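Shown next: run_25.txt, given as compact mmCIF, C-alpha atoms.
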# COMPACT_ATOMS: atom_id res chain seq x y z
CA MET A 1 -7.52 -6.09 -0.17
CA ALA A 2 -9.86 -3.11 -0.54
CA ASP A 3 -8.70 -2.71 -4.12
CA HIS A 4 -9.35 -6.30 -4.85
CA VAL A 5 -12.90 -6.10 -3.51
CA GLU A 6 -13.51 -2.90 -5.42
CA ASP A 7 -12.28 -4.43 -8.63
CA ALA A 8 -14.69 -7.31 -8.18
CA LEU A 9 -17.57 -4.90 -7.62
CA VAL A 10 -16.56 -2.81 -10.63
CA ALA A 11 -16.42 -5.93 -12.78
CA GLU A 12 -19.86 -6.89 -11.52
CA LEU A 13 -21.26 -3.43 -12.32
CA ARG A 14 -19.81 -3.52 -15.80
CA ALA A 15 -21.30 -6.96 -16.39
CA LEU A 16 -24.63 -5.73 -15.04
CA GLY A 17 -24.81 -3.27 -17.95
CA ASP A 18 -25.37 -6.15 -20.37
CA TRP A 19 -28.29 -7.46 -18.34
CA LEU A 20 -30.37 -4.36 -18.06
CA ASP A 21 -33.63 -4.37 -19.87
CA VAL A 22 -33.62 -1.23 -22.02
CA PRO A 23 -36.47 -0.86 -24.53
CA GLU A 24 -35.74 -0.36 -28.22
CA PRO A 25 -35.14 3.30 -29.10
CA ALA A 26 -37.46 5.00 -31.58
CA ASP A 27 -35.91 6.08 -34.90
CA GLN A 28 -35.55 9.84 -34.47
CA ARG A 29 -34.24 10.82 -37.90
CA ALA A 30 -37.47 11.99 -39.53
CA ALA A 31 -38.84 13.67 -36.40
CA VAL A 32 -35.62 15.56 -35.67
CA ARG A 33 -35.28 16.66 -39.27
CA ALA A 34 -38.86 17.91 -39.38
CA ARG A 35 -38.37 19.92 -36.20
CA LEU A 36 -35.08 21.38 -37.41
CA ALA A 37 -36.59 22.32 -40.77
CA ARG A 38 -39.40 24.20 -38.97
CA LEU A 39 -36.91 26.02 -36.75
CA ASP A 40 -34.70 26.83 -39.71
CA HIS A 41 -37.60 28.46 -41.54
CA ARG A 42 -38.21 30.78 -38.60
CA ARG A 43 -34.56 31.65 -38.18
CA ARG A 44 -33.62 32.29 -41.78
CA ARG A 45 -34.55 35.96 -41.62
CA VAL A 46 -32.43 36.45 -38.52
CA ARG A 47 -29.50 34.63 -40.07
CA ARG A 48 -29.51 36.86 -43.15
CA TRP A 49 -28.93 39.79 -40.84
CA ILE A 50 -26.06 37.99 -39.14
CA VAL A 51 -24.40 37.23 -42.46
CA ALA A 52 -24.76 40.85 -43.48
CA THR A 53 -23.15 41.98 -40.24
CA VAL A 54 -20.26 39.58 -40.53
CA ALA A 55 -19.70 40.62 -44.13
CA ALA A 56 -19.59 44.25 -43.07
CA ILE A 57 -16.98 43.50 -40.43
CA VAL A 58 -14.74 41.31 -42.56
CA GLY A 59 -13.58 43.66 -45.30
CA THR A 60 -12.47 41.05 -47.82
CA VAL A 61 -15.86 39.43 -47.76
CA ALA A 62 -17.78 42.68 -47.96
CA VAL A 63 -16.34 43.55 -51.37
CA VAL A 64 -16.85 40.19 -53.09
CA PRO A 65 -19.53 40.09 -55.78
CA PRO A 66 -22.77 38.19 -55.02
CA ALA A 67 -21.77 35.11 -57.00
CA ARG A 68 -18.60 34.71 -54.98
CA ALA A 69 -20.43 35.43 -51.75
CA ALA A 70 -22.38 32.26 -52.33
CA VAL A 71 -19.28 30.15 -51.87
CA VAL A 72 -17.52 32.28 -49.29
CA ASP A 73 -19.19 32.52 -45.98
CA GLY A 74 -17.81 33.67 -42.65
CA VAL A 75 -20.53 32.81 -40.18
CA GLY A 76 -19.31 31.80 -36.74
CA ASP A 77 -16.08 29.88 -36.56
CA LEU A 78 -16.35 28.38 -39.99
CA LEU A 79 -14.45 29.77 -42.95
CA ARG A 80 -15.43 28.37 -46.31
CA VAL A 81 -14.00 28.77 -49.77
CA ALA A 82 -15.44 26.56 -52.49
CA GLY A 83 -14.46 23.01 -51.69
CA ILE A 84 -12.63 23.69 -48.44
CA GLU A 85 -13.98 24.31 -45.00
CA VAL A 86 -11.83 25.59 -42.17
CA ARG A 87 -12.92 25.41 -38.58
CA ARG A 88 -11.29 28.20 -36.62
CA GLU A 89 -10.57 26.07 -33.56
CA ALA A 90 -8.17 23.46 -32.24
CA ALA A 91 -8.44 20.00 -33.73
CA PRO A 92 -10.39 17.50 -31.65
CA GLY A 93 -8.00 15.00 -30.12
CA GLY A 94 -4.91 17.03 -31.06
CA LEU A 95 -2.89 16.71 -34.22
CA PRO A 96 -2.56 13.33 -35.91
CA ALA A 97 0.84 11.76 -35.32
CA ARG A 98 1.31 10.26 -38.76
CA PRO A 99 0.07 11.80 -41.96
CA SER A 100 -1.58 9.53 -44.49
CA ARG A 101 -2.17 10.12 -48.18
CA LEU A 102 -5.10 10.99 -50.34
CA PRO A 103 -7.03 8.00 -51.76
CA SER A 104 -5.71 6.27 -54.93
CA VAL A 105 -2.73 8.52 -55.59
CA ARG A 106 -0.61 7.77 -58.65
CA PRO A 107 2.38 9.55 -60.16
CA SER A 108 1.81 11.20 -63.53
CA THR A 109 3.03 14.03 -65.77
CA LEU A 110 1.78 17.57 -66.39
CA ASP A 111 0.72 16.65 -69.93
CA GLU A 112 -1.33 13.72 -68.76
CA ALA A 113 -2.84 15.71 -65.90
CA ARG A 114 -3.98 18.37 -68.36
CA ARG A 115 -5.44 15.71 -70.62
CA VAL A 116 -7.43 13.71 -68.04
CA ALA A 117 -8.51 16.31 -65.47
CA ARG A 118 -11.95 17.84 -65.93
CA PHE A 119 -10.71 21.27 -64.91
CA PRO A 120 -7.87 23.43 -66.28
CA VAL A 121 -4.60 22.36 -64.60
CA ARG A 122 -2.48 25.43 -63.86
CA VAL A 123 1.12 25.85 -62.73
CA PRO A 124 2.51 28.61 -60.50
CA ALA A 125 5.39 30.02 -62.55
CA ALA A 126 7.16 31.31 -59.44
CA LEU A 127 7.92 27.75 -58.33
CA GLY A 128 9.43 26.60 -61.63
CA VAL A 129 9.17 23.00 -62.79
CA PRO A 130 7.41 20.59 -60.37
CA ASP A 131 9.35 17.64 -58.89
CA ARG A 132 6.34 15.39 -59.16
CA VAL A 133 2.80 15.40 -60.51
CA LEU A 134 0.24 13.27 -58.63
CA LEU A 135 -3.34 12.40 -59.52
CA ALA A 136 -5.72 11.37 -56.73
CA ASP A 137 -9.23 9.98 -56.24
CA PRO A 138 -10.13 9.30 -59.91
CA ASP A 139 -13.70 8.81 -61.13
CA ASP A 140 -14.80 5.80 -63.20
CA ALA A 141 -13.35 7.36 -66.36
CA GLY A 142 -10.01 7.99 -64.65
CA ALA A 143 -10.38 11.77 -64.27
CA PRO A 144 -8.67 12.79 -61.03
CA ARG A 145 -10.50 14.86 -58.45
CA VAL A 146 -7.28 16.33 -57.11
CA VAL A 147 -4.09 17.17 -59.03
CA THR A 148 -1.02 17.70 -56.83
CA LEU A 149 2.30 19.24 -57.85
CA THR A 150 5.25 19.03 -55.46
CA TYR A 151 8.31 21.29 -55.39
CA ARG A 152 11.57 21.72 -53.49
CA GLY A 153 12.01 18.04 -52.71
CA GLY A 154 8.39 17.61 -51.64
CA THR A 155 8.39 20.33 -48.99
CA VAL A 156 6.08 22.52 -51.04
CA ARG A 157 2.81 21.07 -52.24
CA PHE A 158 0.26 22.58 -54.61
CA ASP A 159 -3.19 20.94 -54.80
CA GLN A 160 -5.88 21.93 -57.23
CA PHE A 161 -9.36 20.48 -57.56
CA ASP A 162 -12.82 21.26 -58.78
CA GLY A 163 -14.27 23.23 -55.90
CA ALA A 164 -17.71 23.59 -57.43
CA VAL A 165 -18.55 20.24 -55.84
CA SER A 166 -19.31 19.86 -52.14
CA PRO A 167 -16.45 20.41 -49.68
CA ALA A 168 -13.59 17.97 -50.11
CA PHE A 169 -11.27 19.05 -47.31
CA PHE A 170 -11.96 19.85 -43.70
CA LYS A 171 -9.32 21.63 -41.69
CA SER A 172 -9.17 22.57 -38.05
CA ALA A 173 -6.98 25.57 -37.33
CA PRO A 174 -7.41 28.20 -34.61
CA ALA A 175 -5.33 30.84 -36.41
CA ALA A 176 -7.08 30.74 -39.81
CA GLN A 177 -7.64 34.18 -41.35
CA TRP A 178 -9.18 35.73 -44.43
CA VAL A 179 -6.73 37.21 -46.91
CA ASP A 180 -6.96 38.88 -50.29
CA ILE A 181 -5.54 36.97 -53.27
CA GLY A 182 -5.72 39.04 -56.39
CA ALA A 183 -9.36 39.42 -57.32
CA GLY A 184 -10.80 37.10 -54.70
CA PRO A 185 -10.58 36.08 -51.09
CA GLY A 186 -8.48 33.29 -49.67
CA ILE A 187 -7.70 31.71 -46.34
CA TRP A 188 -4.25 31.66 -44.74
CA LEU A 189 -3.45 29.00 -42.16
CA PRO A 190 -0.08 29.91 -40.64
CA GLY A 191 0.49 26.83 -38.45
CA PRO A 192 0.38 23.05 -38.79
CA HIS A 193 -3.19 21.74 -38.90
CA PRO A 194 -4.95 18.45 -39.61
CA VAL A 195 -6.63 18.02 -42.97
CA THR A 196 -9.47 15.57 -43.52
CA TYR A 197 -10.33 14.60 -47.06
CA VAL A 198 -13.90 13.77 -48.00
CA ASP A 199 -13.91 11.40 -50.92
CA ARG A 200 -15.67 11.75 -54.24
CA LYS A 201 -18.89 10.15 -53.02
CA GLY A 202 -19.06 12.77 -50.30
CA ILE A 203 -18.88 10.12 -47.65
CA GLU A 204 -17.86 11.45 -44.25
CA ARG A 205 -16.20 8.18 -43.38
CA THR A 206 -12.88 9.28 -44.78
CA GLU A 207 -10.06 8.58 -42.38
CA THR A 208 -7.37 10.45 -44.25
CA ALA A 209 -6.12 12.84 -41.64
CA ARG A 210 -3.05 14.56 -42.97
CA LEU A 211 -0.87 16.99 -41.08
CA ALA A 212 -0.23 20.10 -43.15
CA GLY A 213 2.22 22.98 -42.76
CA PRO A 214 1.40 26.64 -43.36
CA THR A 215 -1.22 26.73 -46.12
CA LEU A 216 -2.85 29.25 -48.41
CA ILE A 217 -6.26 28.42 -49.91
CA TRP A 218 -7.94 30.39 -52.69
CA VAL A 219 -10.33 30.05 -55.62
CA ALA A 220 -10.08 31.05 -59.26
CA GLY A 221 -13.01 30.23 -61.51
CA THR A 222 -14.45 26.97 -60.29
CA VAL A 223 -11.10 25.57 -59.24
CA THR A 224 -9.92 25.60 -55.65
CA TYR A 225 -6.20 25.80 -54.92
CA ARG A 226 -4.25 24.99 -51.81
CA LEU A 227 -0.57 25.75 -51.49
CA GLU A 228 1.26 24.22 -48.58
CA GLY A 229 4.79 24.52 -47.22
CA LEU A 230 5.76 28.16 -47.74
CA SER A 231 6.32 29.75 -44.36
CA THR A 232 5.18 33.31 -45.01
CA LEU A 233 1.98 34.70 -46.43
CA LYS A 234 4.01 37.08 -48.59
CA GLU A 235 5.84 34.28 -50.35
CA ALA A 236 2.68 32.16 -50.68
CA ARG A 237 0.77 35.09 -52.15
CA ALA A 238 3.52 35.75 -54.70
CA VAL A 239 3.31 32.11 -55.83
CA ALA A 240 -0.50 32.27 -55.96
CA LEU A 241 -0.38 35.37 -58.17
CA SER A 242 2.08 33.67 -60.55
CA LEU A 243 -0.42 31.04 -61.78
CA ASP A 244 -0.06 30.79 -65.54
CA MET B 1 -7.47 6.10 -27.23
CA SER B 2 -7.47 3.33 -29.83
CA ARG B 3 -7.03 3.97 -33.55
CA LEU B 4 -10.64 3.04 -34.12
CA ASP B 5 -11.85 5.66 -31.64
CA ARG B 6 -9.73 8.28 -33.34
CA ALA B 7 -11.23 7.36 -36.70
CA THR B 8 -14.74 7.60 -35.27
CA GLU B 9 -13.90 10.99 -33.90
CA TRP B 10 -12.78 12.25 -37.28
CA ASP B 11 -15.99 11.02 -38.79
CA ASP B 12 -17.96 12.92 -36.20
CA ALA B 13 -15.83 16.03 -36.66
CA ALA B 14 -16.51 16.00 -40.39
CA ALA B 15 -20.23 15.47 -39.85
CA VAL B 16 -20.36 18.23 -37.22
CA THR B 17 -18.55 20.65 -39.52
CA ARG B 18 -21.05 20.04 -42.28
CA ALA B 19 -24.02 20.11 -39.92
CA ARG B 20 -22.81 23.48 -38.65
CA ALA B 21 -22.84 24.80 -42.20
CA GLY B 22 -26.53 23.86 -42.35
CA ASP B 23 -26.28 20.40 -43.89
CA LEU B 24 -29.23 18.45 -42.44
CA ASP B 25 -28.06 15.21 -44.08
CA ALA B 26 -24.81 15.43 -42.13
CA TYR B 27 -26.70 16.01 -38.92
CA GLU B 28 -28.86 13.01 -39.71
CA VAL B 29 -25.70 10.89 -39.76
CA LEU B 30 -25.09 11.94 -36.17
CA VAL B 31 -28.73 11.36 -35.21
CA ALA B 32 -28.63 7.85 -36.66
CA ARG B 33 -25.29 7.09 -35.03
CA TYR B 34 -26.12 8.32 -31.54
CA THR B 35 -29.83 7.63 -31.07
CA ALA B 36 -29.21 4.23 -29.45
CA PRO B 37 -26.50 5.36 -26.97
CA ALA B 38 -28.47 8.52 -26.13
CA HIS B 39 -31.60 6.48 -25.53
CA ARG B 40 -29.79 3.98 -23.34
CA ALA B 41 -28.26 6.82 -21.30
CA ALA B 42 -31.67 8.48 -20.91
CA VAL B 43 -33.24 5.24 -19.67
CA LEU B 44 -30.44 4.46 -17.24
CA LEU B 45 -30.33 8.03 -15.95
CA GLY B 46 -34.01 7.72 -15.10
CA ALA B 47 -36.08 9.06 -18.02
CA GLY B 48 -38.12 5.86 -18.08
CA ALA B 49 -40.97 5.87 -20.56
CA ASP B 50 -40.06 9.42 -21.63
CA ALA B 51 -36.64 8.37 -22.92
CA ASP B 52 -37.60 8.73 -26.60
CA ASP B 53 -38.92 12.26 -26.03
CA VAL B 54 -35.78 13.16 -24.12
CA VAL B 55 -33.61 11.90 -26.98
CA GLN B 56 -35.54 13.84 -29.60
CA ASP B 57 -35.43 17.07 -27.58
CA ALA B 58 -31.73 16.52 -26.94
CA PHE B 59 -30.98 16.22 -30.67
CA VAL B 60 -32.93 19.39 -31.45
CA LYS B 61 -31.13 21.28 -28.67
CA ALA B 62 -27.75 19.87 -29.69
CA HIS B 63 -28.28 21.17 -33.21
CA ARG B 64 -29.09 24.62 -31.86
CA GLN B 65 -25.90 24.59 -29.77
CA ILE B 66 -23.64 22.92 -32.30
CA SER B 67 -21.56 26.05 -32.87
CA ARG B 68 -20.51 25.73 -29.24
CA TYR B 69 -19.32 22.14 -29.66
CA ARG B 70 -15.55 22.13 -29.28
CA GLY B 71 -14.87 18.45 -29.70
CA GLU B 72 -12.54 18.10 -26.70
CA SER B 73 -13.89 14.75 -25.59
CA GLY B 74 -15.96 13.76 -28.60
CA PHE B 75 -19.53 14.18 -29.78
CA ARG B 76 -21.01 11.37 -27.70
CA PRO B 77 -20.35 12.78 -24.19
CA TRP B 78 -21.23 16.26 -25.42
CA LEU B 79 -24.61 14.95 -26.58
CA LEU B 80 -25.01 12.84 -23.43
CA ALA B 81 -24.53 15.98 -21.33
CA ILE B 82 -27.60 17.42 -23.03
CA VAL B 83 -29.44 14.12 -22.54
CA ALA B 84 -28.53 14.09 -18.83
CA ASN B 85 -29.69 17.65 -18.47
CA GLU B 86 -32.97 16.99 -20.25
CA THR B 87 -33.53 13.96 -18.02
CA ARG B 88 -33.02 16.09 -14.90
CA ASN B 89 -35.42 18.70 -16.24
CA LEU B 90 -37.93 15.92 -16.75
CA HIS B 91 -37.74 15.01 -13.08
CA ARG B 92 -38.12 18.62 -12.11
CA SER B 93 -41.18 19.18 -14.29
CA ARG B 94 -42.80 15.97 -13.18
CA ARG B 95 -42.08 16.89 -9.57
CA ARG B 96 -41.29 13.33 -8.81
CA ARG B 97 -38.18 11.29 -8.51
CA ASP B 98 -38.68 7.73 -9.44
CA GLY B 99 -34.94 7.45 -9.91
CA LEU B 100 -33.51 4.67 -11.91
CA VAL B 101 -36.14 2.64 -13.67
CA LEU B 102 -34.23 -0.55 -14.05
CA ARG B 103 -35.39 -3.99 -14.72
CA ALA B 104 -32.53 -6.37 -14.43
CA ALA B 105 -32.34 -9.50 -16.45
CA ALA B 106 -35.95 -10.16 -17.23
CA ARG B 107 -34.60 -11.79 -20.34
CA GLU B 108 -32.73 -14.99 -20.93
CA ASP B 109 -29.01 -15.31 -20.42
CA PRO B 110 -27.58 -14.32 -23.84
CA ALA B 111 -24.73 -16.83 -23.48
CA PRO B 112 -25.50 -19.27 -20.72
CA SER B 113 -22.10 -19.77 -19.13
CA SER B 114 -23.44 -21.70 -16.20
CA PRO B 115 -25.53 -24.74 -16.97
CA ASP B 116 -26.44 -25.08 -13.29
CA PRO B 117 -29.92 -23.53 -12.81
CA ALA B 118 -29.32 -22.94 -9.10
CA GLU B 119 -26.21 -20.94 -9.86
CA SER B 120 -28.00 -18.87 -12.56
CA ALA B 121 -30.79 -18.11 -10.12
CA MET B 122 -28.25 -16.93 -7.57
CA ALA B 123 -26.56 -14.71 -10.16
CA ALA B 124 -29.92 -13.22 -11.14
CA GLU B 125 -30.71 -12.54 -7.51
CA ARG B 126 -27.35 -10.88 -6.99
CA ARG B 127 -27.92 -8.65 -10.04
CA GLN B 128 -31.32 -7.59 -8.75
CA ARG B 129 -29.76 -6.74 -5.36
CA LEU B 130 -27.13 -4.64 -7.11
CA VAL B 131 -29.78 -2.77 -9.09
CA ASP B 132 -31.83 -2.16 -5.94
CA GLN B 133 -28.82 -0.76 -4.14
CA ILE B 134 -27.87 1.49 -7.05
CA ARG B 135 -31.42 2.89 -7.01
CA LEU B 136 -31.06 3.72 -3.34
CA LEU B 137 -27.96 5.86 -3.85
CA ASP B 138 -28.25 9.65 -3.98
CA ALA B 139 -28.68 11.02 -7.50
CA PRO B 140 -25.10 12.37 -7.96
CA GLU B 141 -23.54 9.07 -6.86
CA ARG B 142 -25.98 7.02 -8.85
CA GLU B 143 -25.36 9.05 -11.98
CA VAL B 144 -21.62 8.66 -11.74
CA LEU B 145 -21.88 4.86 -11.42
CA VAL B 146 -24.37 4.69 -14.29
CA CYS B 147 -22.03 6.66 -16.54
CA ARG B 148 -18.78 4.98 -15.56
CA TYR B 149 -19.89 1.35 -15.47
CA LEU B 150 -23.35 0.81 -16.93
CA LEU B 151 -22.75 3.11 -19.89
CA ASP B 152 -19.03 2.33 -19.88
CA LEU B 153 -17.85 5.95 -20.23
CA SER B 154 -14.33 7.06 -19.33
CA GLU B 155 -13.70 9.45 -16.44
CA ALA B 156 -13.31 12.34 -18.90
CA GLU B 157 -16.49 11.43 -20.77
CA THR B 158 -18.37 11.08 -17.49
CA ALA B 159 -17.12 14.52 -16.42
CA THR B 160 -18.41 16.05 -19.68
CA THR B 161 -21.71 14.19 -19.47
CA LEU B 162 -22.43 15.21 -15.90
CA GLY B 163 -20.89 18.68 -16.19
CA VAL B 164 -18.51 18.24 -13.26
CA PRO B 165 -14.68 18.30 -13.03
CA LYS B 166 -12.78 15.07 -13.54
CA GLY B 167 -11.56 15.11 -9.93
CA THR B 168 -15.18 15.13 -8.77
CA VAL B 169 -15.94 12.11 -10.95
CA LYS B 170 -13.02 10.28 -9.34
CA SER B 171 -13.95 11.09 -5.74
CA ARG B 172 -17.67 10.59 -6.28
CA THR B 173 -17.06 7.21 -7.93
CA ALA B 174 -14.90 6.08 -5.01
CA ARG B 175 -17.51 7.23 -2.51
CA ALA B 176 -20.36 5.57 -4.40
CA LEU B 177 -18.48 2.30 -4.70
CA ALA B 178 -17.61 2.31 -0.99
CA LYS B 179 -21.25 2.93 -0.06
CA LEU B 180 -22.47 0.26 -2.41
CA ARG B 181 -19.93 -2.24 -1.12
CA ASN B 182 -20.87 -1.61 2.51
CA ARG B 183 -24.57 -1.92 1.88
CA LEU B 184 -24.13 -5.15 -0.02
CA LEU B 185 -22.02 -6.53 2.85
CA VAL B 186 -24.61 -5.50 5.43
CA GLU B 187 -27.28 -7.24 3.38
CA GLU B 188 -25.25 -10.38 3.19
CA VAL B 189 -24.51 -10.53 6.92
CA PRO B 190 -27.82 -10.20 8.74
CA GLY B 191 -27.38 -8.14 11.89
CA GLY B 192 -23.78 -7.37 10.98
Output the structure of this file as structure tokens.
Amino acid sequence: MADHVEDALVAELRALGDWLDVPEPADQRAAVRARLARLDHRRRRVRRWIVATVAAIVGTVAVVPPARAAVVDGVGDLLRVAGIEVRREAAPGGLPARPSRLPSVRPSTLDEARRVARFPVRVPAALGVPDRVLLADPDDAGAPRVVTLTYRGGTVRFDQFDGAVSPAFFKSAPAAQWVDIGAGPGIWLPGPHPVTYVDRKGIERTETARLAGPTLIWVAGTVTYRLEGLSTLKEARAVALSLD
Amino acid sequence: MSRLDRATEWDDAAAVTRARAGDLDAYEVLVARYTAPAHRAAVLLGAGADADDVVQDAFVKAHRQISRYRGESGFRPWLLAIVANETRNLHRSRRRRDGLVLRAAAREDPAPSSPDPAESAMAAERRQRLVDQIRLLDAPEREVLVCRYLLDLSEAETATTLGVPKGTVKSRTARALAKLRNRLLVEEVPGG
């Protein structure tokens, strides 16, 4: 009885929400941006000090040349290598239950990949011949943004893409750490983590949330590489250093 | 949580990540997306004519604190917590408590379900009584009802917005509903 009455009252309250006279909100975009830009100007000096401090603490970052430092940045909980951003924290809403694929994936061959991609497609010699070659998210001329090679029955996956563009992947992983890969820095993510792909237009509306295994991310030239599925950093690093 | 909500959350997560890295365009996506809900919350929580100022301040503060955003219950309740806080500060600085500035149903019925004018008038009267009684509740109880039912937030979102544990939301909601129900009954039965 009490429940029934309460339910009726709750229903009434919910319905009341639609009837309330709330004025139109003002568009805040320009005002907020102007205020943030002013604040940012004042804080920039402080931030430069913070970056310097972080760089001094994180050894791998401290030794990178200035050009590389522009794309690698360890402020706060965000690790960034060209084209990939890693948030060092648990994923919001937990891990996605079912992985989905990158946009517009099609099977291809190494020869074709080398011909159509706008960046040099490289192969890690340590893994041998790839099982499959996949091209994803092509532009109008058909040049893929991401070239994927899979090995060992699909359990190992090697993505490469032009990282000079704005970030294409977002990852959330609490255990992410900086590592040294040959001449440059990389990021090692030892556990499963969700990956969100941002499509070619840079639109944040991408809903591709893929669950990835242990992953190593690094940069060589303008190309960003991610190697997924090898369980130890040692093994992943050996593969990374075997790029032809 | 529906699939759609999950998708929205990923969108927000991506935008937050970029905003954190200093991308003002990404933050603008969040500002555009959440201005209306933040404004509605500010009005219903009692910001009245200052709701737009509250929303703008809240967005500036949220940007400053964005490195602390952990995404447990989504960007909306996290932002609304700042909005609720700003609204309370407003009351404090004004040194007055005009409570909920609500005007119920000054407008036409959006989908007239009852063609009988007498019945519509009765419904309008009932809505006004409800609003009056909500205004008379103590602030904590009023806020919990506003969040749960007028803003249609979940218990978890309400807890984040008001900065109290989920158990408190539950007990406070029950208490507020009981009070409201009693007062409405007393009103309906004169001398009862």
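The spacing separating CA of Gly142 in chain A from CA of Thr109 in chain A amounts to 14.4 Å.
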Between A:Ile181, A:Ala26, A:Val219, A:Leu36, which one has atoms that come closest to Gln160 in chain A, using only C-alpha atoms? A:Val219
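With only C-alpha atoms taken into account, every residue lying no more than 10 Å from the file point (-19.8, 11.3, -4.9) is included here: B:Leu137, B:Asp138, B:Ala139, B:Pro140, B:Glu141, B:Arg142, B:Glu143, B:Val144, B:Leu145, B:Thr168, B:Val169, B:Lys170, B:Ser171, B:Arg172, B:Thr173, B:Ala174, B:Arg175, B:Ala176, B:Leu177, B:Lys179.
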Residue neighbourhood Thr155 in chain A, 12 Å, only C-alpha atoms, exclusion window fewer than 6 positions, as an NGL selection string: :A and (127 or 130-132 or 149 or 212-215 or 227-231)
Which neighbours of range 42-47 of chain B fall inside 10 Å, counting only C-alpha atoms, when residues of the same chain fewer than 2 positions from it are skipped, and could you give them as a PyMOL selection string? (chain A and resi 17+20-23+25) or (chain B and resi 36-40+49-55+80+83-91+97-102+135+139+142-144+146-147+150-151)
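Between CA of Ala14 in chain B and CA of Ile66 in chain B the interatomic distance comes to 12.8 Å.
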Arg126 in chain B: which residues within 10 Å, counting all atoms listed in the file, same-chain residues fewer than 5 positions away excluded, as a ChimeraX atom specification? /A:12,16 /B:120-121,131-132,184
Only C-alpha atoms, please: the residues just picked out, written as a PDB file, in the frame of the given file.
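Listing of out-v7.pdb after writing:
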ATOM      1  CA  GLU A  12     -19.860  -6.890 -11.520  1.00  0.00           C
ATOM      2  CA  LEU A  16     -24.630  -5.730 -15.040  1.00  0.00           C
TER       3      LEU A  16
ATOM      4  CA  SER B 120     -28.000 -18.870 -12.560  1.00  0.00           C
ATOM      5  CA  ALA B 121     -30.790 -18.110 -10.120  1.00  0.00           C
ATOM      6  CA  VAL B 131     -29.780  -2.770  -9.090  1.00  0.00           C
ATOM      7  CA  ASP B 132     -31.830  -2.160  -5.940  1.00  0.00           C
ATOM      8  CA  LEU B 184     -24.130  -5.150  -0.020  1.00  0.00           C
TER       9      LEU B 184
END
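Straight-line separation from CA of Ala15 in chain A to CA of Leu30 in chain B: 27.6 Å.
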